[in-house]
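Comments concern the structure below.
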Amino acid sequence: MGDSNEHRIHLANSIAGGLGNVMGLLSTYPLTVIKTRLQAQNKKKKIEEKTGEKSEIDDTKNVDAKDDNNDVYDGPMDCLMKVVSRDGVLGMYSGISLKLVETYLWNSTFYMFFSVLKPHIDDIIKREHAEGRGYSAYLLNVAHGMMAGMGTQLCLFPMNVVNTRMVVLQHKKGKNEKNTGIVENYIRVIRDVYAEGGVSAFWRGIAAGLMLTINPGIMTMIRIRLTELCRANGYTGGGVHFWVGFVSKMMASTVTYPLVVARSQIIVSAETSEDNHTLNDRNTNVLVALLLSIIKNILHVPRTIMRVVEENGGLVALYAGFTPHLSQAALKEAIANTVRNKASALLLAILTSKRQQP
């Protein structure tokens with residue numbers, strides 16, 4: 001009986017987690033399209049100012065949106081109106097299909113791990129409180145989010161590798177090159193990745209990704225504490241879930257954004273390094289290679305951060321591009337947290353009612 005109830009809770013939390021973040025993505029994706037188009041336009045202007053010639057660069061391909069008319073945008077609202085008038089409302093969602101699938105799988109998996117771990121973490125927290133060590137609950141909440149993030153990364157990172165290669169493959173295709181189906185492209189990419197380094201190649205770069213699990217860890221701790229504080233003061237409902245999600249993501253991202261910069265640098269270094277042979281050796285044990293890579297990248301984090309600071313003129317370089325990233329990520333998480341809590345309660349009620357029917 002107990003196990004059956006737990007399974008329903010885990011299933012409800014997993015589905016709700018995926019649906020919540022899908023809704024967050026759908027709500028904020030037009031902002032990504034507008035931001036990318038404006039950034040591409042600014043980049044063209046800078047090149048034209050330096051060279052005195054018209055730039056042929058078209059970075060709007062990064063959002064897989066049509067821009068054949070080379071419109072000039074006067075701002076976000078002007079960009080929105082022109083894209084909608086030319087491509088319709090669906091033009092704001094061009095290229096989102098693959099991201100929707102990826103978002104649902106990542107977050108449903110994350111909240112499955114999160115739900116399975118929660119009873120065990122809660123038991124430990126109760127014991128710590130009983131022994132007068134209530135402060136350790138903060139660290140346990142961080143560990144809870146990090147473990148769920150690590151489990152998700154280990155399970156789904158190969159999908160991330162393949163999807164990234166798929167995007168690169170599409171951008172490299174020439175106009176006269178024959179278009180193949182998505183299944184054929186996936187098979188081609190999977191074969192290419194395997195040919196480069198065997199099974200372990202599908203987890204290349206995961207060490208840098210595991211570092212960022214500190215973000216969901218901190219966000220989990222802040223979200224739980226804020227929710228408890230709101231309930232203690234009689235505040236409940238969707239509005240609370242919205243602002244708790246917004247504030248928790250904003251605070252977590254503020255702390256961990258330098259790691260995002262360091263991760264990007266580490267990935268670039270790993271791709272260009274000639275001595276990065278550990279994961280390329282087919283005869284190397286996958287687990288050993290992964291652990292060695294994680295240790296190596298963790299040791300490189302402080303040095304990478306210092307290099308970014310030195311090369312780009314100060315600590316401000318660690319937060320380059322932070323403002324648009326923060327506003328969009330916080331809004332997305334606010335919507336996701338609201339939908340996730342409502343959907344989880346609804347799904348659990350449906351699953352429970354079905355079981356009680358004769």
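Each chain in the structure tokens gets a letter, A, B and so on, in the order shown; residues start at 1 in every chain, and ligands are counted from 1 in the order they appear.
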
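For stretch 156-167 of chain A, the residues within 6 Å (counting only C-alpha atoms, excluding itself and residues fewer than 4 positions away along the chain) are A:Thr152, A:Phe202, A:Trp203.
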
Query - All residues 9 Å or closer to stretch 111-118 of chain A, only C-alpha atoms, same chain fewer than 2 positions away omitted, as a PyMOL selection string - result: chain A and resi 6-7+9-18+106-109+120-123+144-145+147-149+151-152

Okay, now the selection with N, CA and C atoms, as a PDB file, in the first residue's frame?
ATOM      1  N   GLU A   6       3.692   5.821  -2.806  1.00  0.00           N
ATOM      2  CA  GLU A   6       4.944   6.497  -3.121  1.00  0.00           C
ATOM      3  C   GLU A   6       5.175   6.553  -4.624  1.00  0.00           C
ATOM      4  N   HIS A   7       4.866   5.468  -5.308  1.00  0.00           N
ATOM      5  CA  HIS A   7       5.035   5.432  -6.758  1.00  0.00           C
ATOM      6  C   HIS A   7       4.144   6.467  -7.442  1.00  0.00           C
ATOM      7  N   ILE A   9       3.070   9.248  -6.091  1.00  0.00           N
ATOM      8  CA  ILE A   9       3.620  10.566  -5.772  1.00  0.00           C
ATOM      9  C   ILE A   9       4.803  10.883  -6.682  1.00  0.00           C
ATOM     10  N   HIS A  10       5.694   9.903  -6.868  1.00  0.00           N
ATOM     11  CA  HIS A  10       6.862  10.110  -7.733  1.00  0.00           C
ATOM     12  C   HIS A  10       6.436  10.381  -9.172  1.00  0.00           C
ATOM     13  N   LEU A  11       5.434   9.622  -9.648  1.00  0.00           N
ATOM     14  CA  LEU A  11       4.956   9.798 -11.023  1.00  0.00           C
ATOM     15  C   LEU A  11       4.324  11.182 -11.201  1.00  0.00           C
ATOM     16  N   ALA A  12       3.508  11.587 -10.231  1.00  0.00           N
ATOM     17  CA  ALA A  12       2.856  12.897 -10.315  1.00  0.00           C
ATOM     18  C   ALA A  12       3.884  14.022 -10.304  1.00  0.00           C
ATOM     19  N   ASN A  13       4.881  13.914  -9.422  1.00  0.00           N
ATOM     20  CA  ASN A  13       5.915  14.950  -9.344  1.00  0.00           C
ATOM     21  C   ASN A  13       6.752  15.002 -10.614  1.00  0.00           C
ATOM     22  N   SER A  14       7.020  13.846 -11.197  1.00  0.00           N
ATOM     23  CA  SER A  14       7.828  13.795 -12.421  1.00  0.00           C
ATOM     24  C   SER A  14       7.091  14.447 -13.594  1.00  0.00           C
ATOM     25  N   ILE A  15       5.835  14.048 -13.793  1.00  0.00           N
ATOM     26  CA  ILE A  15       5.045  14.613 -14.892  1.00  0.00           C
ATOM     27  C   ILE A  15       4.848  16.115 -14.684  1.00  0.00           C
ATOM     28  N   ALA A  16       4.524  16.501 -13.455  1.00  0.00           N
ATOM     29  CA  ALA A  16       4.298  17.919 -13.158  1.00  0.00           C
ATOM     30  C   ALA A  16       5.570  18.732 -13.353  1.00  0.00           C
ATOM     31  N   GLY A  17       6.713  18.159 -12.980  1.00  0.00           N
ATOM     32  CA  GLY A  17       7.984  18.856 -13.177  1.00  0.00           C
ATOM     33  C   GLY A  17       8.267  19.126 -14.637  1.00  0.00           C
ATOM     34  N   GLY A  18       7.992  18.127 -15.482  1.00  0.00           N
ATOM     35  CA  GLY A  18       8.192  18.318 -16.913  1.00  0.00           C
ATOM     36  C   GLY A  18       7.218  19.327 -17.496  1.00  0.00           C
ATOM     37  N   TRP A 106      14.355  16.434 -19.432  1.00  0.00           N
ATOM     38  CA  TRP A 106      15.309  16.826 -18.383  1.00  0.00           C
ATOM     39  C   TRP A 106      14.592  17.068 -17.064  1.00  0.00           C
ATOM     40  N   ASN A 107      13.504  17.821 -17.094  1.00  0.00           N
ATOM     41  CA  ASN A 107      12.863  18.220 -15.848  1.00  0.00           C
ATOM     42  C   ASN A 107      11.992  17.116 -15.248  1.00  0.00           C
ATOM     43  N   SER A 108      11.377  16.303 -16.073  1.00  0.00           N
ATOM     44  CA  SER A 108      10.632  15.174 -15.522  1.00  0.00           C
ATOM     45  C   SER A 108      11.587  14.188 -14.851  1.00  0.00           C
ATOM     46  N   THR A 109      12.760  13.994 -15.434  1.00  0.00           N
ATOM     47  CA  THR A 109      13.769  13.123 -14.825  1.00  0.00           C
ATOM     48  C   THR A 109      14.296  13.730 -13.533  1.00  0.00           C
ATOM     49  N   HIS A 120      13.974  10.325   2.079  1.00  0.00           N
ATOM     50  CA  HIS A 120      15.228  10.013   2.767  1.00  0.00           C
ATOM     51  C   HIS A 120      15.882  11.276   3.311  1.00  0.00           C
ATOM     52  N   ILE A 121      15.873  12.346   2.526  1.00  0.00           N
ATOM     53  CA  ILE A 121      16.437  13.617   2.993  1.00  0.00           C
ATOM     54  C   ILE A 121      15.630  14.148   4.167  1.00  0.00           C
ATOM     55  N   ASP A 122      14.314  14.045   4.090  1.00  0.00           N
ATOM     56  CA  ASP A 122      13.452  14.534   5.180  1.00  0.00           C
ATOM     57  C   ASP A 122      13.709  13.765   6.468  1.00  0.00           C
ATOM     58  N   ASP A 123      13.935  12.450   6.370  1.00  0.00           N
ATOM     59  CA  ASP A 123      14.236  11.640   7.569  1.00  0.00           C
ATOM     60  C   ASP A 123      15.541  12.088   8.218  1.00  0.00           C
ATOM     61  N   HIS A 144      20.315  17.797  -1.657  1.00  0.00           N
ATOM     62  CA  HIS A 144      19.141  17.183  -2.287  1.00  0.00           C
ATOM     63  C   HIS A 144      19.022  17.626  -3.745  1.00  0.00           C
ATOM     64  N   GLY A 145      19.049  18.932  -3.974  1.00  0.00           N
ATOM     65  CA  GLY A 145      18.961  19.451  -5.342  1.00  0.00           C
ATOM     66  C   GLY A 145      20.134  19.039  -6.203  1.00  0.00           C
ATOM     67  N   MET A 147      22.056  16.307  -5.902  1.00  0.00           N
ATOM     68  CA  MET A 147      22.000  14.876  -6.235  1.00  0.00           C
ATOM     69  C   MET A 147      20.972  14.603  -7.331  1.00  0.00           C
ATOM     70  N   ALA A 148      19.827  15.284  -7.260  1.00  0.00           N
ATOM     71  CA  ALA A 148      18.827  15.121  -8.321  1.00  0.00           C
ATOM     72  C   ALA A 148      19.377  15.628  -9.651  1.00  0.00           C
ATOM     73  N   GLY A 149      20.113  16.740  -9.606  1.00  0.00           N
ATOM     74  CA  GLY A 149      20.725  17.277 -10.822  1.00  0.00           C
ATOM     75  C   GLY A 149      21.792  16.358 -11.387  1.00  0.00           C
ATOM     76  N   GLY A 151      22.028  13.072 -10.970  1.00  0.00           N
ATOM     77  CA  GLY A 151      21.386  11.890 -11.538  1.00  0.00           C
ATOM     78  C   GLY A 151      20.821  12.164 -12.918  1.00  0.00           C
ATOM     79  N   THR A 152      20.231  13.340 -13.075  1.00  0.00           N
ATOM     80  CA  THR A 152      19.676  13.731 -14.371  1.00  0.00           C
ATOM     81  C   THR A 152      20.775  13.888 -15.412  1.00  0.00           C
TER      82      THR A 152
END

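Residue nearest A:Val339 within the list A:Tyr138, A:Tyr29, A:Phe110, A:Phe242: A:Phe242 [criterion: smallest interatomic distance, only C-alpha atoms].
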
Query - Separation of atom CA of A:Val244 from atom CA of A:Thr227, in Å and rounded to one decimal - result: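 Atom-to-atom, atom CA of A:Val244 and atom CA of A:Thr227 are spaced 6.8 Å apart.
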
Report task. Fewer than 3 positions away in the same chain doesn't count, so skip those; otherwise give me all residues within 9 Å of A:Ala329, counting only C-alpha atoms, as a PyMOL selection string. Result -> chain A and resi 28+246+249-250+253+324-326+332-334

Query raised in the report: Interatomic distance between atom CA of A:Val260 and atom CA of A:Phe322?
Result: 10.1 Å

Requested in this report: Between A:Leu331, A:Met146, A:Leu139, A:Ala130, single out the one closest to A:Gly24, counting only C-alpha atoms.
Outcome: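 Ranking A:Leu331, A:Met146, A:Leu139, A:Ala130 by distance to A:Gly24, first place goes to A:Leu331.
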
**Report entry** Option closest in space to A:Met150, from A:Ala252, A:Ile350, A:Ala208, A:Arg231 [counting only C-alpha atoms]
**Finding:**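 Once distances to A:Met150 are computed over only C-alpha atoms, the minimum belongs to A:Ala208.
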
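What separates atom CA of A:Leu212 from atom CA of A:Leu259 is a distance of 6.8 Å.
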
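Among A:Leu210, A:Ala349, A:Val22, A:Ile222, the residue with the shortest atom-to-atom distance to A:Leu140, counting only C-alpha atoms, is A:Ile222.
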